[in-house]
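Visitor: File follows, upload.txt with compact mmCIF, C-alpha atoms:
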# COMPACT_ATOMS: atom_id res chain seq x y z
CA MET A 1 95.24 91.83 98.19
CA GLN A 2 96.14 93.21 101.58
CA SER A 3 93.43 93.03 104.22
CA ARG A 4 92.38 96.35 105.66
CA ARG A 5 92.21 96.54 109.45
CA LYS A 6 90.98 99.34 111.62
CA LEU A 7 93.59 101.32 113.51
CA ARG A 8 92.01 100.37 116.82
CA TYR A 9 92.21 96.66 115.97
CA ARG A 10 95.88 96.96 115.04
CA LEU A 11 96.63 98.90 118.22
CA VAL A 12 94.90 96.33 120.47
CA VAL A 13 96.56 93.37 118.77
CA SER A 14 99.99 95.02 118.90
CA PHE A 15 99.60 95.86 122.60
CA ALA A 16 98.35 92.35 123.46
CA LEU A 17 101.17 90.65 121.52
CA PHE A 18 103.74 92.95 123.12
CA GLY A 19 102.44 92.20 126.63
CA PHE A 20 102.24 88.46 125.99
CA GLY A 21 105.69 88.34 124.38
CA LEU A 22 107.30 90.40 127.14
CA SER A 23 105.69 88.22 129.85
CA ALA A 24 106.79 85.03 128.09
CA LEU A 25 110.34 86.36 127.69
CA PHE A 26 110.49 87.37 131.35
CA ALA A 27 109.13 83.96 132.44
CA PHE A 28 111.67 82.11 130.30
CA ALA A 29 114.51 84.23 131.67
CA ALA A 30 113.32 83.71 135.26
CA LEU A 31 113.07 79.94 134.86
CA ASN A 32 116.44 79.74 133.16
CA ILE A 33 118.17 81.89 135.80
CA ARG A 34 116.51 79.95 138.62
CA SER A 35 117.60 76.62 137.12
CA ARG A 36 121.20 77.79 136.63
CA VAL A 37 121.53 79.32 140.10
CA GLU A 38 119.97 76.30 141.78
CA ASP A 39 122.25 73.94 139.87
CA GLN A 40 125.33 75.95 140.83
CA LEU A 41 124.32 76.11 144.49
CA VAL A 42 123.59 72.37 144.68
CA ASN A 43 126.87 71.49 142.95
CA ALA A 44 128.86 73.78 145.21
CA SER A 45 127.18 72.37 148.35
CA LEU A 46 127.71 68.79 147.24
CA MET A 47 131.41 69.34 146.54
CA ASP A 48 131.83 71.14 149.87
CA ASP A 49 130.18 68.23 151.73
CA ALA A 50 132.21 65.66 149.79
CA ARG A 51 135.43 67.52 150.63
CA TRP A 52 134.42 67.75 154.30
CA ALA A 53 133.55 64.03 154.43
CA ASN A 54 136.91 63.18 152.88
CA GLN A 55 138.72 65.28 155.48
CA GLN A 56 136.73 63.68 158.31
CA ALA A 57 137.60 60.18 157.07
CA HIS A 58 141.28 61.19 156.95
CA ASP A 59 141.33 62.86 160.37
CA HIS A 60 139.10 60.36 162.19
CA PRO A 61 139.46 56.90 160.66
CA GLY A 62 136.66 54.58 161.61
CA ALA A 63 134.32 57.40 162.58
CA PRO A 64 130.90 57.44 160.83
CA SER A 65 130.86 59.74 157.82
CA GLY A 66 128.03 62.12 156.96
CA SER A 67 127.01 65.35 155.37
CA ARG A 68 126.93 68.82 156.90
CA LEU A 69 124.52 70.54 154.54
CA LEU A 70 122.57 68.04 152.46
CA THR A 71 120.67 64.89 153.18
CA GLY A 72 122.18 62.04 151.22
CA THR A 73 124.47 59.05 151.29
CA VAL A 74 128.24 59.30 151.79
CA LEU A 75 130.48 56.37 150.90
CA SER A 76 134.04 56.86 152.04
CA ASP A 77 136.64 54.11 152.15
CA ARG A 78 140.23 53.43 151.24
CA THR A 79 139.05 50.71 148.91
CA LEU A 80 136.50 50.86 146.11
CA TYR A 81 134.76 47.49 146.45
CA LYS A 82 131.89 49.02 148.43
CA ALA A 83 131.15 51.62 145.75
CA PRO A 84 129.09 50.75 142.63
CA LEU A 85 131.21 49.86 139.66
CA SER A 86 129.86 52.80 137.57
CA TRP A 87 131.12 55.26 140.18
CA GLN A 88 134.71 54.07 140.48
CA ASN A 89 136.09 55.67 137.30
CA LEU A 90 134.43 59.06 137.77
CA ASP A 91 136.64 62.13 138.06
CA ASN A 92 136.43 64.76 140.76
CA GLY A 93 133.31 66.88 140.44
CA VAL A 94 129.55 66.58 140.37
CA HIS A 95 127.99 64.14 137.93
CA ASP A 96 124.38 63.57 136.83
CA ILE A 97 123.32 59.93 137.12
CA TYR A 98 120.01 58.22 136.51
CA GLU A 99 119.00 55.02 138.36
CA THR A 100 115.87 52.91 138.64
CA ASP A 101 114.68 51.84 142.09
CA GLN A 102 113.06 48.54 143.07
CA GLU A 103 109.60 49.88 142.21
CA GLY A 104 110.71 50.71 138.66
CA GLN A 105 110.71 54.47 139.11
CA ARG A 106 113.53 56.38 137.49
CA HIS A 107 115.39 58.87 139.71
CA HIS A 108 117.77 61.64 138.90
CA TYR A 109 120.78 61.99 141.21
CA LYS A 110 123.73 64.29 141.52
CA LEU A 111 126.87 62.45 142.57
CA ALA A 112 129.77 64.43 144.04
CA VAL A 113 133.16 62.67 143.78
CA PHE A 114 136.23 63.90 145.70
CA ARG A 115 139.63 62.13 145.79
CA GLU A 116 142.32 63.20 148.25
CA ASN A 117 144.81 61.57 150.67
CA GLY A 118 144.09 58.18 149.12
CA ILE A 119 140.44 58.47 150.13
CA ILE A 120 137.50 58.74 147.70
CA SER A 121 134.33 60.39 148.96
CA PHE A 122 131.00 59.84 147.21
CA LEU A 123 128.00 62.01 148.08
CA ARG A 124 124.73 61.22 146.29
CA TYR A 125 121.80 63.59 146.33
CA ASP A 126 118.31 62.82 144.94
CA VAL A 127 117.10 65.79 142.83
CA SER A 128 113.87 64.16 141.60
CA ARG A 129 111.90 65.91 144.30
CA GLU A 130 113.35 69.22 143.11
CA GLU A 131 112.11 68.48 139.58
CA LEU A 132 108.56 68.18 140.92
CA GLY A 133 108.93 71.70 142.31
CA LYS A 134 110.24 72.87 138.93
CA GLN A 135 107.15 71.46 137.19
CA GLN A 136 104.85 73.22 139.61
CA LEU A 137 106.78 76.46 139.10
CA LEU A 138 106.58 76.04 135.31
CA ILE A 139 102.80 75.59 135.45
CA SER A 140 102.49 78.67 137.64
CA VAL A 141 104.66 80.71 135.29
CA ILE A 142 102.67 79.63 132.21
CA GLY A 143 99.47 80.60 133.98
CA ALA A 144 100.98 83.96 134.89
CA VAL A 145 102.02 84.55 131.26
CA PHE A 146 98.49 83.95 130.00
CA LEU A 147 97.08 86.10 132.81
CA PHE A 148 99.38 88.98 131.89
CA GLY A 149 98.52 88.45 128.22
CA LEU A 150 94.82 88.79 129.04
CA LEU A 151 95.51 91.88 131.14
CA SER A 152 97.47 93.35 128.21
CA LEU A 153 94.50 92.72 125.92
CA VAL A 154 92.09 94.43 128.32
CA LEU A 155 94.51 97.31 128.83
CA GLY A 156 94.97 97.59 125.04
CA LEU A 157 91.19 97.83 124.55
CA TRP A 158 90.93 100.56 127.16
CA LEU A 159 93.92 102.51 125.87
CA SER A 160 92.81 102.23 122.22
CA ARG A 161 89.41 103.64 123.10
CA LYS A 162 91.00 106.48 125.05
CA VAL A 163 93.74 107.25 122.53
CA LEU A 164 91.50 107.08 119.45
CA LYS A 165 88.59 108.97 120.99
CA PRO A 166 89.84 112.36 119.65
CA VAL A 167 90.22 110.86 116.17
CA SER A 168 86.69 109.42 116.30
CA ASP A 169 85.40 112.78 117.53
CA LEU A 170 87.14 114.51 114.63
CA ALA A 171 85.58 112.10 112.12
CA ARG A 172 82.13 112.59 113.71
CA ARG A 173 82.39 116.37 113.43
CA LEU A 174 83.42 116.08 109.78
CA ARG A 175 80.37 113.88 109.10
CA ASP A 176 78.15 116.42 110.86
CA PHE A 177 79.53 119.12 108.54
CA ARG A 178 78.46 117.08 105.54
CA LYS A 179 74.95 116.68 106.98
CA ASN A 180 74.60 120.32 107.97
CA GLY A 181 76.17 121.64 104.79
CA LYS A 182 78.27 124.12 106.73
CA ALA A 183 81.87 123.80 107.89
CA GLU A 184 82.81 125.10 111.34
CA PRO A 185 86.31 125.46 112.85
CA LEU A 186 87.59 122.15 114.25
CA ALA A 187 90.80 123.16 116.03
CA PRO A 188 89.12 124.89 119.04
CA HIS A 189 87.49 121.58 120.03
CA PHE A 190 90.78 119.65 120.39
CA ALA A 191 93.90 119.84 122.52
CA ASP A 192 97.23 121.13 121.25
CA ASP A 193 98.51 117.71 120.18
CA GLU A 194 98.78 115.69 116.99
CA VAL A 195 95.00 115.48 116.58
CA GLY A 196 94.73 119.22 117.17
CA GLU A 197 97.38 119.79 114.51
CA LEU A 198 95.40 117.61 112.10
CA ALA A 199 92.23 119.56 112.90
CA LEU A 200 94.06 122.84 112.24
CA ALA A 201 95.31 121.54 108.89
CA LEU A 202 91.75 120.46 108.00
CA ASP A 203 90.48 123.94 108.90
CA GLU A 204 93.03 125.53 106.59
CA TYR A 205 92.14 123.14 103.79
CA SER A 206 88.42 123.79 104.36
CA GLN A 207 88.98 127.53 104.12
CA ARG A 208 90.87 127.19 100.83
CA LEU A 209 88.24 124.83 99.45
CA THR A 210 85.38 127.09 100.52
CA ALA A 211 87.05 130.08 98.90
CA MET A 212 87.58 128.13 95.68
CA VAL A 213 83.95 126.94 95.60
CA GLU A 214 82.77 130.48 96.27
CA ARG A 215 84.84 131.81 93.38
CA ASP A 216 83.51 129.04 91.15
CA ARG A 217 79.92 129.86 92.13
CA GLU A 218 80.43 133.56 91.46
CA PHE A 219 82.07 132.78 88.12
CA ASN A 220 79.18 130.55 87.08
CA SER A 221 76.68 133.21 88.07
CA ASP A 222 78.56 135.89 86.12
CA VAL A 223 78.95 133.66 83.07
CA SER A 224 75.28 132.72 83.19
CA HIS A 225 74.23 136.37 83.27
CA GLU A 226 76.75 137.67 80.74
CA LEU A 227 76.07 134.92 78.18
CA ARG A 228 72.33 134.64 78.54
CA THR A 229 71.76 138.35 78.02
CA PRO A 230 73.27 138.58 74.48
CA LEU A 231 71.70 135.24 73.53
CA ALA A 232 68.31 136.53 74.62
CA VAL A 233 68.87 139.66 72.53
CA ILE A 234 69.82 137.53 69.51
CA SER A 235 66.78 135.29 69.98
CA SER A 236 64.32 138.18 70.36
CA THR A 237 65.84 140.06 67.43
CA THR A 238 65.64 137.10 65.08
CA GLU A 239 62.06 136.50 66.16
CA LEU A 240 61.18 140.10 65.33
CA LEU A 241 62.99 139.96 62.00
CA GLN A 242 61.16 136.80 60.99
CA GLY A 243 57.91 138.70 61.33
CA SER A 244 58.91 141.25 58.69
CA PRO A 245 56.77 140.87 55.53
CA ASP A 246 59.50 141.86 53.10
CA LEU A 247 61.90 139.01 53.93
CA THR A 248 63.03 136.69 51.19
CA ASP A 249 62.96 132.94 51.69
CA LYS A 250 66.75 132.85 51.76
CA LEU A 251 66.98 135.44 54.54
CA ARG A 252 64.17 133.77 56.44
CA GLU A 253 66.08 130.45 56.35
CA ARG A 254 69.24 132.16 57.60
CA LEU A 255 67.31 133.76 60.45
CA LYS A 256 65.97 130.32 61.41
CA ARG A 257 69.52 128.99 61.50
CA ILE A 258 70.53 131.88 63.74
CA GLU A 259 67.58 131.17 66.00
CA ARG A 260 68.44 127.45 66.20
CA ALA A 261 72.10 128.23 66.94
CA SER A 262 71.04 130.68 69.64
CA ARG A 263 68.74 128.09 71.19
CA GLN A 264 71.49 125.43 71.10
CA ALA A 265 73.95 127.83 72.71
CA THR A 266 71.41 128.63 75.43
CA GLU A 267 70.78 124.93 76.08
CA LEU A 268 74.52 124.23 76.16
CA ILE A 269 75.11 127.02 78.68
CA GLU A 270 72.25 125.75 80.87
CA ALA A 271 73.56 122.19 80.69
CA LEU A 272 77.13 123.21 81.57
CA LEU A 273 75.99 125.38 84.47
CA LEU A 274 73.72 122.60 85.65
CA LEU A 275 76.61 120.16 85.37
CA SER A 276 78.85 122.47 87.38
CA ARG A 277 76.27 122.87 90.15
CA ALA A 278 75.09 119.26 90.17
CA GLU A 279 78.60 117.80 90.47
CA ARG A 280 78.82 119.66 93.78
CA ARG A 281 75.27 119.15 95.07
CA GLY A 282 73.86 116.21 93.08
CA PRO A 283 71.65 116.09 89.95
CA THR A 284 68.46 118.15 89.69
CA ARG A 285 65.38 115.97 89.12
CA GLY A 286 61.66 116.48 88.93
CA GLU A 287 61.36 117.55 85.28
CA THR A 288 60.11 114.87 82.89
CA THR A 289 61.31 115.00 79.28
CA GLU A 290 60.06 113.07 76.26
CA VAL A 291 63.08 111.56 74.51
CA ALA A 292 61.43 111.33 71.08
CA LYS A 293 60.41 115.01 71.10
CA VAL A 294 63.90 116.19 72.03
CA ALA A 295 65.40 113.89 69.39
CA SER A 296 63.04 115.32 66.75
CA ASP A 297 64.03 118.89 67.65
CA VAL A 298 67.72 118.03 67.55
CA ILE A 299 67.35 116.36 64.13
CA GLU A 300 65.70 119.46 62.71
CA SER A 301 68.39 121.71 64.15
CA GLN A 302 71.13 119.53 62.66
CA ARG A 303 69.71 119.24 59.13
CA PRO A 304 71.69 122.27 57.84
CA GLN A 305 74.90 120.26 58.50
CA MET A 306 73.86 117.79 55.81
CA ARG A 307 74.30 120.48 53.10
CA ASP A 308 74.31 118.77 49.70
CA LYS A 309 75.50 115.35 50.91
CA PRO A 310 73.49 112.35 49.64
CA LEU A 311 72.43 111.66 53.22
CA GLY A 312 69.08 110.87 54.76
CA ILE A 313 68.10 111.04 58.44
CA GLU A 314 65.09 109.38 60.05
CA LEU A 315 63.57 109.01 63.51
CA LEU A 316 62.07 105.68 64.57
CA VAL A 317 60.03 105.63 67.79
CA ARG A 318 59.45 101.99 68.67
CA GLN A 319 58.42 102.73 72.24
CA PRO A 320 57.87 106.10 74.00
CA VAL A 321 60.52 106.86 76.59
CA SER A 322 60.51 109.59 79.26
CA VAL A 323 63.44 110.56 81.46
CA ASN A 324 63.54 112.45 84.74
CA ALA A 325 65.97 115.16 83.66
CA PRO A 326 65.89 118.66 82.13
CA ALA A 327 65.37 118.83 78.38
CA SER A 328 68.53 120.93 77.95
CA VAL A 329 70.67 118.07 79.31
CA LEU A 330 69.24 115.50 76.91
CA SER A 331 69.36 118.02 74.04
CA VAL A 332 73.09 118.70 74.55
CA ALA A 333 73.85 114.97 74.68
CA LEU A 334 71.84 114.14 71.55
CA THR A 335 73.13 117.19 69.67
CA ASN A 336 76.70 115.95 70.06
CA LEU A 337 75.89 112.34 69.14
CA ILE A 338 73.57 113.10 66.20
CA GLY A 339 75.81 115.95 65.01
CA ASN A 340 78.85 113.62 64.99
CA ALA A 341 76.90 110.99 63.02
CA ILE A 342 75.93 113.57 60.37
CA LYS A 343 79.45 115.01 60.27
CA TYR A 344 81.17 111.65 59.74
CA THR A 345 78.63 110.10 57.38
CA LEU A 346 79.32 111.22 53.80
CA GLU A 347 76.44 109.26 52.27
CA GLY A 348 73.78 106.84 53.33
CA THR A 349 71.45 107.11 56.28
CA VAL A 350 71.53 108.25 59.91
CA THR A 351 68.83 106.49 61.93
CA VAL A 352 67.77 107.68 65.39
CA GLU A 353 65.90 104.83 67.09
CA VAL A 354 64.00 105.26 70.36
CA SER A 355 63.17 101.96 72.07
CA ASP A 356 62.74 100.53 75.56
CA LYS A 357 64.80 102.71 77.96
CA ARG A 358 67.37 103.62 75.31
CA ILE A 359 68.12 105.63 72.19
CA ASP A 360 70.50 104.53 69.41
CA ILE A 361 72.07 106.71 66.70
CA ILE A 362 73.07 104.45 63.80
CA ASP A 363 75.06 105.79 60.85
CA THR A 364 76.67 104.46 57.67
CA GLY A 365 79.92 106.38 57.99
CA PRO A 366 83.48 105.05 58.08
CA GLY A 367 82.93 103.53 61.55
CA ILE A 368 85.34 103.36 64.48
CA LYS A 369 87.88 100.89 65.73
CA PRO A 370 86.72 98.78 68.70
CA GLU A 371 89.77 99.80 70.71
CA ASP A 372 88.96 103.51 70.12
CA ALA A 373 85.32 103.30 71.26
CA GLU A 374 86.02 104.14 74.90
CA ARG A 375 88.91 106.48 74.18
CA LEU A 376 86.69 108.84 72.18
CA PHE A 377 84.89 109.88 75.38
CA GLN A 378 88.14 111.09 76.95
CA ARG A 379 88.75 114.80 77.20
CA GLY A 380 90.59 116.27 74.19
CA VAL A 381 90.55 113.09 72.06
CA ARG A 382 89.48 113.74 68.46
CA GLY A 383 88.20 111.10 66.13
CA GLU A 384 89.76 110.06 62.85
CA GLY A 385 88.15 110.43 59.44
CA ALA A 386 85.92 113.12 57.98
CA GLY A 387 88.89 115.33 57.37
CA GLY A 388 90.47 114.65 60.73
CA SER A 389 87.84 116.61 62.67
CA GLY A 390 86.32 114.98 65.71
CA ALA A 391 84.25 115.41 68.80
CA GLY A 392 86.96 117.15 70.83
CA LEU A 393 85.35 118.07 74.15
CA GLY A 394 81.80 117.27 73.03
CA LEU A 395 81.77 113.55 73.86
CA ALA A 396 83.58 114.18 77.15
CA ILE A 397 80.76 116.55 78.14
CA VAL A 398 78.19 113.95 77.06
CA ARG A 399 79.87 111.33 79.27
CA ARG A 400 79.82 113.67 82.29
CA LEU A 401 76.15 114.54 81.78
CA CYS A 402 75.19 110.88 81.44
CA GLU A 403 77.17 109.84 84.51
CA LEU A 404 75.48 112.63 86.47
CA TYR A 405 72.01 111.18 85.78
CA GLY A 406 73.02 107.53 85.87
CA TRP A 407 72.80 106.95 82.12
CA GLU A 408 75.18 104.75 80.17
CA VAL A 409 76.60 106.17 76.95
CA SER A 410 78.70 104.12 74.57
CA MET A 411 79.90 103.83 70.97
CA ARG A 412 80.64 100.70 68.99
CA PRO A 413 81.24 99.75 65.34
CA ARG A 414 78.45 98.19 63.33
CA SER A 415 78.80 94.46 62.70
CA ASP A 416 76.63 94.25 59.54
CA THR A 417 78.17 97.06 57.50
CA ASN A 418 80.29 100.18 57.75
CA GLY A 419 79.30 102.72 60.36
CA ALA A 420 79.01 103.18 64.09
CA ILE A 421 76.28 103.02 66.73
CA ALA A 422 76.10 105.55 69.58
CA SER A 423 73.76 104.55 72.41
CA ILE A 424 72.38 106.06 75.59
CA VAL A 425 70.79 103.59 78.01
CA PHE A 426 68.58 105.36 80.56
CA ALA A 427 68.49 104.10 84.14
Using structure tokens, write down the structure from this file.
Guide:
Amino acid sequence: MQSRRKLRYRLVVSFALFGFGLSALFAFAALNIRSRVEDQLVNASLMDDARWANQQAHDHPGAPSGSRLLTGTVLSDRTLYKAPLSWQNLDNGVHDIYETDQEGQRHHYKLAVFRENGIISFLRYDVSREELGKQQLLISVIGAVFLFGLLSLVLGLWLSRKVLKPVSDLARRLRDFRKNGKAEPLAPHFADDEVGELALALDEYSQRLTAMVERDREFNSDVSHELRTPLAVISSTTELLQGSPDLTDKLRERLKRIERASRQATELIEALLLLSRAERRGPTRGETTEVAKVASDVIESQRPQMRDKPLGIELLVRQPVSVNAPASVLSVALTNLIGNAIKYTLEGTVTVEVSDKRIDIIDTGPGIKPEDAERLFQRGVRGEGAGGSGAGLGLAIVRRLCELYGWEVSMRPRSDTNGAIASIVFA
């Protein structure tokens, strides 16, 4: 799993590493160039002095030999017995030699050897003192690298705050919009740069989103008005017809079915409109609903689905449960779950059990496969059995309503016998 870092952190670290790396590279190059140039200059001076000493010994035999440029020791003779044995076989040029003095300290020398006119000139130069200077220079350079690295870190902190300030300001304004509930143009508050371009794009997106939400709100309002009006007419008409004294029992039962269907349609419309609004603004609370009462009403409204099937349905209230949600929401959820249980169960019993913070709908139908339990709540998935008919969009709506109010809805096969158990656990 990749670790997530803030943009400011990445910018500061990148700037500090770049400054430290560039300083270290420059220091290494400077030390290397200084060492090479110094070595070339010393070698050239030594060879020049050795050549000059050789010429002096040739032109002025017996005269004391010496060095023009460097302090050192010159051995010049026509014989080699005065020179150390390790020097005698060296070729012309400058050689690095290491010797230990009487005190046991090891010294680094450069020995220039020049042979001409039968004369061999040796010029030895102690470079140990130069190495001490190199060490001091190395310590100074390392200190400078760390100093520049620290300065890069400080500069990176300052630049990151300055560079990311417009982005932070943009994020703050967006958060303020969420608090105030009203979007205002962002682009006028920013310069004509990349952040300003992002603000302009956000303004355009906000305008499109606002227009879409406005159309959705108007559509919901129109649908609510256009559907509620005919349903109210149907409900009032059936209520008036039921009061007629000359109705037969058969017609009276049909009018009750029409009334129940009208009430269910009204509750479904209210639940869907509530769902549409609440998914944008949050769930509406404050209304307390008795679960057992709603379950009893739903059972009575679903009894006509049983027809002539050898099927019984019962309500068991083991513990009263109340939920903080509109009755229409709970009614739509239970209508789908209880209606599915009645539809799929050909014979036996459908039991609606209300217990501590939950309600279970237990049937004796063909049951479901464990792997299909979660899939049935997906949009457009239809269950198998009972003639191939299924929940369709019903269970998907139930899942959305339950998620809106923090309830947990699930289905699982029964372990003791055939059938399924649909449950809603209230938060």
Visitor: With all atoms listed in the file as the basis for distance, which of A:Ala232, A:Ala30, A:Val113, A:Ala325 is at the shortest distance from Asn89 in chain A?
Guide: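 The answer is A:Val113, which sits nearest to Asn89 in chain A.
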Visitor: Would you work out the distance separating CA of Ser301 in chain A from CA of Asp222 in chain A, expressed in Å to one decimal?
Guide: 28.1 Å
Visitor: Suppose you want the space between CA of Val321 in chain A and CA of Ile424 in chain A; what is it in Å?
Guide: 11.9 Å
Visitor: Between CA of Ile234 in chain A and CA of Ile258 in chain A, measure the distance and give it in Å to one decimal.
Guide: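 Interatomic distance here is 8.1 Å.
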Visitor: Would you mind listing what lies within 9 Å of Val145 in chain A as an NGL selection string, with only C-alpha atoms counted and same-chain residues fewer than 2 positions away left out?
Guide: :A and (19-24 or 26-27 or 140-143 or 147-150)
Visitor: Restricting the output to C-alpha atoms, write the selected residues as an mmCIF file, in the coordinates of the input.
Guide:
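File selection23.cif, as written:
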data_model
loop_
_atom_site.group_PDB
_atom_site.id
_atom_site.type_symbol
_atom_site.label_atom_id
_atom_site.label_comp_id
_atom_site.auth_asym_id
_atom_site.auth_seq_id
_atom_site.Cartn_x
_atom_site.Cartn_y
_atom_site.Cartn_z
ATOM 1 C CA GLY A 19 102.440 92.200 126.630
ATOM 2 C CA PHE A 20 102.240 88.460 125.990
ATOM 3 C CA GLY A 21 105.690 88.340 124.380
ATOM 4 C CA LEU A 22 107.300 90.400 127.140
ATOM 5 C CA SER A 23 105.690 88.220 129.850
ATOM 6 C CA ALA A 24 106.790 85.030 128.090
ATOM 7 C CA PHE A 26 110.490 87.370 131.350
ATOM 8 C CA ALA A 27 109.130 83.960 132.440
ATOM 9 C CA SER A 140 102.490 78.670 137.640
ATOM 10 C CA VAL A 141 104.660 80.710 135.290
ATOM 11 C CA ILE A 142 102.670 79.630 132.210
ATOM 12 C CA GLY A 143 99.470 80.600 133.980
ATOM 13 C CA LEU A 147 97.080 86.100 132.810
ATOM 14 C CA PHE A 148 99.380 88.980 131.890
ATOM 15 C CA GLY A 149 98.520 88.450 128.220
ATOM 16 C CA LEU A 150 94.820 88.790 129.040
#
Visitor: Identify, on the basis of all atoms listed in the file, every residue whose closest approach to Asn43 in chain A does not exceed 12 Å; exclude the query and any residue fewer than 2 positions from it along the same chain; express the result as a PyMOL selection string.
Guide: chain A and resi 36-41+45-50+69-70+92-96+109-113+123-125+127
Visitor: Could you rebuild range 16-31 of chain A with N, CA, C and O atoms and give me the result as a compact mmCIF listing (two decimals), in the coordinates of the input?
Guide:
# COMPACT_ATOMS: atom_id res chain seq x y z
N ALA A 16 98.51 93.67 122.87
CA ALA A 16 98.35 92.35 123.46
C ALA A 16 99.55 91.45 123.14
O ALA A 16 100.06 90.74 124.01
N LEU A 17 100.01 91.47 121.88
CA LEU A 17 101.17 90.65 121.52
C LEU A 17 102.42 91.12 122.25
O LEU A 17 103.25 90.30 122.67
N PHE A 18 102.58 92.43 122.40
CA PHE A 18 103.74 92.95 123.12
C PHE A 18 103.71 92.49 124.58
O PHE A 18 104.73 92.05 125.13
N GLY A 19 102.54 92.62 125.23
CA GLY A 19 102.44 92.20 126.63
C GLY A 19 102.66 90.72 126.79
O GLY A 19 103.37 90.27 127.71
N PHE A 20 102.07 89.91 125.89
CA PHE A 20 102.24 88.46 125.99
C PHE A 20 103.70 88.06 125.73
O PHE A 20 104.26 87.24 126.44
N GLY A 21 104.30 88.67 124.69
CA GLY A 21 105.69 88.34 124.38
C GLY A 21 106.64 88.75 125.48
O GLY A 21 107.57 88.00 125.83
N LEU A 22 106.42 89.94 126.06
CA LEU A 22 107.30 90.40 127.14
C LEU A 22 107.14 89.51 128.37
O LEU A 22 108.14 89.17 129.03
N SER A 23 105.92 89.11 128.70
CA SER A 23 105.69 88.22 129.85
C SER A 23 106.34 86.86 129.61
O SER A 23 106.97 86.29 130.52
N ALA A 24 106.19 86.32 128.40
CA ALA A 24 106.79 85.03 128.09
C ALA A 24 108.32 85.11 128.15
O ALA A 24 108.98 84.19 128.67
N LEU A 25 108.89 86.20 127.63
CA LEU A 25 110.34 86.36 127.69
C LEU A 25 110.83 86.48 129.13
O LEU A 25 111.84 85.86 129.51
N PHE A 26 110.11 87.23 129.94
CA PHE A 26 110.49 87.37 131.35
C PHE A 26 110.37 86.03 132.09
O PHE A 26 111.23 85.67 132.89
N ALA A 27 109.30 85.27 131.79
CA ALA A 27 109.13 83.96 132.44
C ALA A 27 110.24 83.00 132.04
O ALA A 27 110.79 82.28 132.89
N PHE A 28 110.59 82.99 130.76
CA PHE A 28 111.67 82.11 130.30
C PHE A 28 112.99 82.49 130.96
O PHE A 28 113.75 81.61 131.41
N ALA A 29 113.26 83.80 131.03
CA ALA A 29 114.51 84.23 131.67
C ALA A 29 114.52 83.87 133.15
O ALA A 29 115.55 83.42 133.69
N ALA A 30 113.38 84.03 133.83
CA ALA A 30 113.32 83.71 135.26
C ALA A 30 113.54 82.22 135.50
O ALA A 30 114.29 81.82 136.40
N LEU A 31 112.89 81.38 134.70
CA LEU A 31 113.07 79.94 134.86
C LEU A 31 114.51 79.52 134.55
O LEU A 31 115.09 78.67 135.27
